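Listing of model_2.txt; format and content: compact mmCIF, C-alpha atoms and all ligand atoms.
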```txt
# COMPACT_ATOMS: atom_id res chain seq x y z
CA MET A 925 30.63 4.73 8.34
CA ASN A 926 30.06 4.08 12.00
CA ASN A 927 26.40 4.46 12.75
CA SER A 928 25.37 1.35 14.53
CA GLU A 929 21.63 1.65 14.59
CA ILE A 930 19.33 -1.31 14.88
CA LEU A 931 17.70 -2.51 11.65
CA TYR A 932 14.81 -4.96 11.72
CA MET A 933 13.74 -6.65 8.49
CA ILE A 934 10.08 -7.61 8.34
CA VAL A 935 9.35 -10.43 5.93
CA PRO A 936 5.73 -11.60 5.60
CA CYS A 937 5.47 -15.26 4.64
CA TYR A 938 2.46 -17.17 3.44
CA ASN A 939 3.18 -20.70 2.26
CA GLU A 940 6.76 -19.84 1.40
CA GLU A 941 8.51 -23.10 2.37
CA GLU A 942 10.19 -23.31 -1.02
CA VAL A 943 11.93 -19.95 -0.78
CA LEU A 944 12.50 -19.33 2.92
CA ASP A 945 15.86 -21.05 3.28
CA GLU A 946 17.33 -19.20 0.34
CA THR A 947 15.84 -15.86 1.46
CA ALA A 948 17.26 -16.41 4.95
CA ARG A 949 20.68 -17.29 3.55
CA GLN A 950 20.85 -14.20 1.36
CA LEU A 951 19.54 -11.89 4.07
CA LYS A 952 22.01 -13.24 6.62
CA GLU A 953 24.86 -12.66 4.20
CA LYS A 954 23.67 -9.10 3.68
CA TYR A 955 23.38 -8.53 7.43
CA ILE A 956 26.89 -9.84 8.07
CA SER A 957 28.27 -7.46 5.47
CA LEU A 958 26.28 -4.50 6.86
CA ILE A 959 27.39 -5.27 10.42
CA ASP A 960 31.03 -5.66 9.31
CA ARG A 961 30.90 -2.26 7.67
CA LYS A 962 29.36 -0.89 10.88
CA MET A 963 26.31 0.31 8.99
CA ILE A 964 23.95 -1.45 11.36
CA SER A 965 24.17 -2.70 14.91
CA ASP A 966 24.72 -6.38 15.69
CA GLN A 967 21.42 -6.20 17.56
CA SER A 968 19.66 -6.06 14.19
CA ARG A 969 17.34 -8.93 13.34
CA ILE A 970 15.49 -10.50 10.44
CA VAL A 971 11.89 -11.16 11.44
CA PHE A 972 9.80 -13.62 9.46
CA VAL A 973 6.08 -13.17 9.99
CA ASN A 974 4.20 -16.36 9.38
CA ASP A 975 0.78 -15.35 8.08
CA GLY A 976 -1.14 -18.54 8.89
CA SER A 977 0.68 -20.71 6.36
CA LYS A 978 -0.63 -24.18 5.67
CA ASP A 979 2.77 -25.64 4.79
CA LYS A 980 6.02 -25.94 6.74
CA THR A 981 6.78 -22.22 6.80
CA TRP A 982 6.57 -21.89 10.59
CA GLU A 983 8.71 -25.00 11.16
CA ILE A 984 11.38 -23.46 8.95
CA ILE A 985 11.19 -20.13 10.77
CA SER A 986 11.49 -21.85 14.16
CA ARG A 987 14.44 -23.85 12.93
CA LEU A 988 16.17 -20.73 11.60
CA HIS A 989 15.65 -18.98 14.91
CA GLU A 990 16.98 -21.89 16.92
CA ALA A 991 20.07 -22.25 14.77
CA ASP A 992 20.79 -18.53 14.49
CA PRO A 993 18.97 -16.52 17.15
CA GLU A 994 21.27 -13.54 16.70
CA PHE A 995 20.01 -13.16 13.14
CA PHE A 996 16.54 -14.63 12.84
CA SER A 997 13.34 -14.04 14.75
CA GLY A 998 9.80 -15.10 14.00
CA ILE A 999 6.26 -13.96 14.59
CA ASN A 1000 3.48 -16.44 14.15
CA LEU A 1001 0.07 -14.98 13.40
CA ALA A 1002 -2.97 -16.82 14.69
CA HIS A 1003 -4.49 -17.13 11.23
CA ASN A 1004 -4.07 -15.87 7.70
CA SER A 1005 -4.64 -12.11 7.90
CA GLY A 1006 -3.37 -11.06 4.49
CA HIS A 1007 -0.14 -9.48 3.36
CA GLN A 1008 -0.83 -5.93 4.59
CA ASN A 1009 -1.89 -7.06 8.04
CA ALA A 1010 1.09 -9.38 8.33
CA VAL A 1011 3.46 -6.53 7.49
CA LEU A 1012 1.79 -4.23 10.02
CA ALA A 1013 1.85 -6.95 12.69
CA GLY A 1014 5.60 -7.27 12.19
CA LEU A 1015 6.21 -3.52 12.23
CA MET A 1016 4.13 -2.89 15.33
CA THR A 1017 5.78 -5.76 17.18
CA VAL A 1018 9.29 -4.39 16.61
CA LYS A 1019 8.68 -0.64 16.64
CA ASP A 1020 9.96 -0.17 20.19
CA ILE A 1021 13.09 -2.26 19.82
CA CYS A 1022 14.43 -1.01 16.48
CA ASP A 1023 15.71 2.26 15.05
CA MET A 1024 14.58 1.48 11.53
CA ALA A 1025 12.68 -1.31 9.81
CA ILE A 1026 12.59 -2.54 6.23
CA THR A 1027 9.65 -4.52 4.88
CA MET A 1028 10.31 -6.97 2.09
CA ASP A 1029 8.51 -9.88 0.44
CA ALA A 1030 9.80 -13.37 1.10
CA ASP A 1031 10.06 -14.38 -2.55
CA LEU A 1032 13.29 -12.48 -3.38
CA GLN A 1033 11.55 -10.37 -6.00
CA ASP A 1034 12.83 -7.26 -4.27
CA ASP A 1035 16.57 -6.78 -4.71
CA ILE A 1036 18.39 -7.43 -1.44
CA ASN A 1037 21.33 -5.30 -2.57
CA THR A 1038 19.06 -2.23 -2.43
CA ILE A 1039 19.16 -2.48 1.37
CA ASP A 1040 22.59 -0.78 1.48
CA ALA A 1041 21.29 2.24 -0.38
CA MET A 1042 18.18 2.36 1.80
CA VAL A 1043 20.23 2.38 5.00
CA GLU A 1044 22.55 5.06 3.60
CA LYS A 1045 19.55 7.23 2.73
CA TYR A 1046 18.29 6.73 6.27
CA TYR A 1047 21.54 8.06 7.70
CA GLU A 1048 21.24 11.03 5.37
CA GLY A 1049 18.14 11.99 7.32
CA ASN A 1050 15.31 10.32 5.43
CA GLN A 1051 12.57 8.89 7.58
CA VAL A 1052 11.03 6.86 4.76
CA VAL A 1053 12.92 5.31 1.84
CA TYR A 1054 10.71 3.87 -0.90
CA GLY A 1055 11.97 1.02 -3.03
CA VAL A 1056 10.79 1.79 -6.55
CA ARG A 1057 10.94 -0.63 -9.47
CA SER A 1058 12.93 0.77 -12.33
CA ALA A 1059 11.94 -1.92 -14.82
CA ARG A 1060 9.32 -4.57 -15.14
CA ASP A 1061 11.10 -6.73 -17.67
CA THR A 1062 10.61 -9.89 -15.66
CA ASP A 1063 6.87 -9.41 -15.25
CA THR A 1064 4.50 -10.93 -17.73
CA PHE A 1065 2.80 -8.46 -20.06
CA PHE A 1066 -0.45 -9.01 -18.18
CA LYS A 1067 1.06 -8.34 -14.73
CA LYS A 1068 2.88 -5.28 -16.03
CA PHE A 1069 -0.21 -3.90 -17.72
CA THR A 1070 -2.49 -4.44 -14.73
CA ALA A 1071 0.05 -3.23 -12.19
CA GLU A 1072 0.93 -0.03 -14.05
CA GLY A 1073 -2.74 0.60 -14.78
CA PHE A 1074 -3.35 0.22 -11.06
CA TYR A 1075 -0.96 3.03 -10.10
CA LYS A 1076 -2.35 5.35 -12.75
CA PHE A 1077 -5.94 4.63 -11.80
CA MET A 1078 -5.15 5.19 -8.11
CA LYS A 1079 -3.76 8.64 -8.95
CA VAL A 1080 -6.83 9.57 -11.01
CA MET A 1081 -9.05 8.41 -8.18
CA GLY A 1082 -7.29 10.66 -5.73
CA ALA A 1083 -5.17 8.25 -3.69
CA ASP A 1084 -1.61 9.47 -3.28
CA VAL A 1085 0.70 6.53 -3.96
CA VAL A 1086 4.34 6.38 -5.07
CA TYR A 1087 4.40 5.14 -8.67
CA ASN A 1088 5.73 1.60 -9.04
CA HIS A 1089 6.45 1.26 -5.36
CA ALA A 1090 5.07 -1.81 -3.63
CA ASP A 1091 5.79 -2.62 -0.03
CA PHE A 1092 9.58 -2.68 -0.13
CA ARG A 1093 10.48 0.29 2.05
CA LEU A 1094 12.49 1.49 4.99
CA MET A 1095 10.80 3.36 7.79
CA SER A 1096 12.35 4.95 10.84
CA LYS A 1097 11.17 4.30 14.37
CA ARG A 1098 9.63 7.76 14.26
CA VAL A 1099 7.43 6.85 11.31
CA LEU A 1100 6.48 3.52 12.88
CA CYS A 1101 5.26 5.27 16.01
CA GLU A 1102 3.13 7.59 13.87
CA LEU A 1103 1.85 4.65 11.85
CA ALA A 1104 0.61 3.15 15.10
CA GLY A 1105 -1.80 6.09 15.30
CA PHE A 1106 -3.59 5.01 12.13
CA LYS A 1107 -6.43 2.94 13.48
CA GLU A 1108 -8.08 1.88 10.25
CA VAL A 1109 -8.98 -1.72 9.67
CA ASN A 1110 -8.77 -1.73 5.87
CA LEU A 1111 -5.04 -1.44 5.51
CA PHE A 1112 -3.38 0.02 2.46
CA LEU A 1113 0.16 0.78 3.60
CA ARG A 1114 1.25 2.27 0.29
CA GLY A 1115 -1.31 5.00 0.74
CA MET A 1116 -0.81 5.45 4.48
CA VAL A 1117 2.94 5.93 4.59
CA PRO A 1118 2.98 8.93 2.19
CA LEU A 1119 0.21 10.46 4.33
CA ILE A 1120 2.52 10.45 7.36
CA GLY A 1121 4.97 12.73 5.60
CA PHE A 1122 8.49 13.58 6.87
CA GLN A 1123 11.57 13.66 4.71
CA SER A 1124 11.51 10.75 2.29
CA CYS A 1125 13.18 9.60 -0.91
CA SER A 1126 13.20 6.70 -3.34
CA VAL A 1127 15.82 4.19 -4.36
CA TYR A 1128 15.48 2.31 -7.63
CA TYR A 1129 15.91 -1.40 -8.20
CA GLU A 1130 15.13 -4.04 -10.75
CA ARG A 1131 12.47 -6.45 -9.70
CA HIS A 1132 13.44 -10.08 -10.14
CA GLU A 1133 11.32 -13.08 -10.83
CA ARG A 1134 9.89 -14.99 -7.93
CA PHE A 1135 12.61 -17.35 -6.66
CA ALA A 1136 10.23 -20.30 -6.28
CA GLY A 1137 6.60 -21.02 -5.56
CA GLU A 1138 3.76 -19.04 -7.04
CA SER A 1139 2.22 -15.62 -6.54
CA LYS A 1140 -0.27 -15.33 -3.71
CA TYR A 1141 -1.82 -12.38 -5.45
CA PRO A 1142 -4.07 -13.72 -8.18
CA LEU A 1143 -6.08 -11.26 -10.28
CA LYS A 1144 -9.07 -11.52 -7.97
CA LYS A 1145 -7.02 -10.50 -4.93
CA MET A 1146 -5.29 -7.78 -6.91
CA LEU A 1147 -8.62 -6.27 -7.97
CA SER A 1148 -9.98 -6.29 -4.45
CA PHE A 1149 -6.69 -4.73 -3.28
CA ALA A 1150 -7.12 -1.93 -5.82
CA VAL A 1151 -10.74 -1.33 -4.85
CA ASN A 1152 -9.73 -1.29 -1.20
CA GLY A 1153 -6.96 1.19 -1.95
CA ILE A 1154 -9.30 3.58 -3.70
CA THR A 1155 -12.18 3.34 -1.28
CA SER A 1156 -9.87 3.60 1.74
CA PHE A 1157 -8.17 6.71 0.49
CA SER A 1158 -10.56 8.79 -1.44
CA THR A 1159 -14.17 9.86 -1.55
CA LYS A 1160 -13.77 10.75 -5.21
CA PRO A 1161 -16.11 7.95 -6.38
CA LEU A 1162 -18.87 9.53 -4.24
CA LYS A 1163 -18.16 12.94 -5.74
CA LEU A 1164 -18.32 11.41 -9.22
CA ILE A 1165 -21.90 10.34 -8.49
CA THR A 1166 -22.87 13.92 -7.58
CA PHE A 1167 -21.19 15.17 -10.74
CA LEU A 1168 -23.00 12.57 -12.85
CA GLY A 1169 -26.29 13.60 -11.26
CA ILE A 1170 -25.70 17.23 -12.14
CA MET A 1171 -24.77 16.26 -15.71
CA MET A 1172 -27.97 14.22 -16.04
CA CYS A 1173 -30.01 17.22 -14.83
CA VAL A 1174 -28.34 19.38 -17.48
CA VAL A 1175 -29.13 16.75 -20.12
CA SER A 1176 -32.71 16.69 -18.89
CA ILE A 1177 -33.05 20.44 -19.48
CA ILE A 1178 -31.78 19.95 -23.05
CA THR A 1179 -34.22 17.07 -23.46
CA PHE A 1180 -37.02 19.33 -22.22
CA ILE A 1181 -36.26 21.91 -24.86
CA TRP A 1182 -35.91 19.29 -27.56
CA ALA A 1183 -39.16 17.51 -26.58
CA PHE A 1184 -40.93 20.86 -26.48
CA VAL A 1185 -39.72 21.82 -29.93
CA VAL A 1186 -40.65 18.43 -31.39
CA LYS A 1187 -44.09 18.69 -29.79
CA LEU A 1188 -44.53 22.23 -31.05
CA PHE A 1189 -44.10 21.06 -34.61
CA GLY A 1190 -46.56 18.26 -33.91
CA ARG A 1191 -44.16 15.48 -34.81
CA SER A 1192 -44.22 13.55 -31.56
CA GLU A 1193 -46.35 10.61 -30.48
CA ILE A 1194 -48.72 11.23 -27.62
CA GLY A 1195 -46.94 10.69 -24.33
CA TRP A 1196 -43.43 10.70 -25.83
CA SER A 1197 -42.42 14.16 -24.64
CA SER A 1198 -43.49 13.64 -21.04
CA MET A 1199 -41.79 10.20 -21.00
CA MET A 1200 -38.51 11.59 -22.31
CA CYS A 1201 -38.49 14.51 -19.92
CA SER A 1202 -39.35 12.49 -16.84
CA ILE A 1203 -36.83 9.70 -17.51
CA TRP A 1204 -33.93 12.14 -17.70
CA LEU A 1205 -35.09 14.41 -14.93
CA ILE A 1206 -35.86 11.64 -12.49
CA GLY A 1207 -32.63 9.83 -13.32
CA GLY A 1208 -30.66 13.01 -12.80
CA LEU A 1209 -32.39 13.91 -9.56
CA GLN A 1210 -31.92 10.42 -8.18
CA LEU A 1211 -28.22 10.40 -8.87
CA PHE A 1212 -27.87 13.91 -7.48
CA CYS A 1213 -29.63 12.90 -4.25
CA LEU A 1214 -27.49 9.78 -4.01
CA GLY A 1215 -24.46 11.99 -4.39
CA ILE A 1216 -25.58 14.21 -1.51
CA ILE A 1217 -26.10 11.14 0.66
CA GLY A 1218 -22.69 10.01 -0.53
CA GLU A 1219 -21.15 13.26 0.73
CA TYR A 1220 -22.42 12.50 4.21
CA VAL A 1221 -21.37 8.86 3.99
CA GLY A 1222 -17.94 10.15 3.01
CA LYS A 1223 -17.80 12.30 6.13
CA ILE A 1224 -18.85 9.42 8.37
CA TYR A 1225 -16.26 7.26 6.69
CA SER A 1226 -13.41 9.64 7.39
CA GLU A 1227 -14.62 10.20 10.96
CA VAL A 1228 -14.82 6.53 11.90
CA LYS A 1229 -11.26 6.04 10.74
CA GLN A 1230 -10.01 8.29 13.56
CA ARG A 1231 -6.80 8.96 11.75
CA PRO A 1232 -4.47 11.41 13.44
CA ARG A 1233 -5.37 14.87 12.18
CA TYR A 1234 -1.81 16.09 12.14
CA ILE A 1235 1.65 14.84 12.87
CA VAL A 1236 4.13 17.20 14.49
CA ASP A 1237 7.60 17.02 13.01
CA LYS A 1238 9.52 19.35 15.33
CA PHE A 1239 8.74 21.39 18.42
CA ILE A 1240 11.19 24.21 18.93
CA ASN A 1241 10.73 25.66 22.35
CA LYS A 1242 13.14 27.16 24.79
CA GLN A 1243 12.19 26.61 28.35
CA GLN A 1244 13.35 28.64 31.34
N1 LIG B 1301 1.70 -12.93 1.76
C1 LIG B 1301 1.22 -12.95 3.08
N2 LIG B 1301 -0.11 -13.24 3.28
C2 LIG B 1301 -0.98 -13.49 2.25
C3 LIG B 1301 -0.49 -13.43 0.92
C4 LIG B 1301 0.86 -13.13 0.71
O1 LIG B 1301 1.97 -12.74 4.02
O2 LIG B 1301 -2.16 -13.74 2.53
C5 LIG B 1301 3.13 -12.62 1.54
C6 LIG B 1301 3.86 -13.59 0.64
O3 LIG B 1301 4.38 -14.67 1.37
C7 LIG B 1301 4.97 -12.71 0.05
C8 LIG B 1301 4.33 -11.34 -0.01
O4 LIG B 1301 3.21 -11.39 0.87
O5 LIG B 1301 6.10 -12.63 0.90
C9 LIG B 1301 3.89 -10.95 -1.41
O6 LIG B 1301 3.13 -11.97 -2.00
P1 LIG B 1301 3.37 -12.46 -3.49
O7 LIG B 1301 4.83 -12.53 -3.78
O8 LIG B 1301 2.61 -13.72 -3.68
O9 LIG B 1301 2.71 -11.30 -4.35
P2 LIG B 1301 3.18 -10.73 -5.78
O10 LIG B 1301 4.63 -10.40 -5.64
O11 LIG B 1301 2.93 -11.80 -6.76
O12 LIG B 1301 2.33 -9.51 -6.00
MG MG B 1302 6.06 -11.60 -5.02
```
Output the file's structure in the form of structure tokens.
Ligand code: UDP
Ligand code: MG
Amino acid sequence: MNNSEILYMIVPCYNEEEVLDETARQLKEKYISLIDRKMISDQSRIVFVNDGSKDKTWEIISRLHEADPEFFSGINLAHNSGHQNAVLAGLMTVKDICDMAITMDADLQDDINTIDAMVEKYYEGNQVVYGVRSARDTDTFFKKFTAEGFYKFMKVMGADVVYNHADFRLMSKRVLCELAGFKEVNLFLRGMVPLIGFQSCSVYYERHERFAGESKYPLKKMLSFAVNGITSFSTKPLKLITFLGIMMCVVSIITFIWAFVVKLFGRSEIGWSSMMCSIWLIGGLQLFCLGIIGEYVGKIYSEVKQRPRYIVDKFINKQQ
């Protein structure tokens, strides 16, 4: 193969001093082999994004860059902005100087050997290549259960995500430029990239255990990530409220009939029928009204995002 396009690796790092040297070593080895096989240009770089680490992460990145500037680059964020923002910061910084970019965690959980397949898929014409986990054997039962539940729940809630795909993916320059048009503040890249479209495919890999250090995604962060994903991508929860309101109104009609029948046969206490009817009816009406308000809130929410309304893939036009 002789397609020497420029590949930038974006690696977000938050307190990763224990793993960085090993990650850098393995990535450099991979780059050398890719460059030797002429799969990528020797202008390709590995960019570590330091997301406001409190340990020696930035010192290590600076040292790597000084020792090996033709392989390693670094971006230092002003403060801890979170994984998604760190990834986006890296991508947006390099989008004009690369042909393709791969995002990968620093902890070596994603299989570096998948990069070859990703690059090959890129040359086959794919603009996005998703890294998908084929097995979760190394995850604890709890992590596996919560993570898989997360993908299923996201689907039910109407957010289009690739099952078992985290943020290990290749994107072409084209996709990066389109991604720049997404102005939202609450980032959820896994939901945004499929929205962009274009030809895409998946490659499968086995996820390893963290090389060293500990996860920066405790349950609390994971839950807020899931809630953010759902509320940033779907107004289904608002619609559920409307639906619930309508259901309550239906139940209230049934309660009316029931209360009336019970009263007719003189078996009810004084005041019971009116209480029963009003509780259900008022509850139903309240939820229904909330749902209507929710519909409008949903509209405002999608308007303030100012997402691009369409993305043109090709423009075929013969000019004089
Ligand atoms: N990370 C980051 N900023 C944060 C938290 C995490 O840049 O605020 C990075 C972290 O260094 C790692 C990646 O995001 O490279 C994924 O984090 P982690 O491995 O802790 O998550 P897990 O794999 O356990 O879900
Ligand atoms: Mg990890």
Record the distance separating atom C3 of ligand LIG 1301 (chain B) and atom CA of Tyr932 of chain A, expressed in Å with one decimal. 20.6 Å
From the list A:Ile934, A:Ile985, A:Met1172, A:Ala1136, which residue is nearest ligand MG 1302 (chain B) when using all atoms listed in the file?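 With all atoms listed in the file as the atom set, the closest residue is A:Ala1136.
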Pick the closest to Asp1091 of chain A from A:Asp1034, A:Glu1072, A:Asp1063, A:Asp945: which is it, counting only C-alpha atoms?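 Looking at the shortest contact to Asp1091 of chain A, the residue is A:Asp1034.
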Report, in Å with one decimal, the straight-line distance from atom CA of Lys1079 of chain A to atom CA of Ser1158 of chain A. 10.1 Å
Give me, as a PyMOL selection string, all polymer residues having an atom no more than 10 Å from Met1116 of chain A, counting only C-alpha atoms and skipping those fewer than 2 positions away in the same chain. chain A and resi 1083-1085+1103+1106+1108+1111-1114+1118-1121+1153+1156-1157
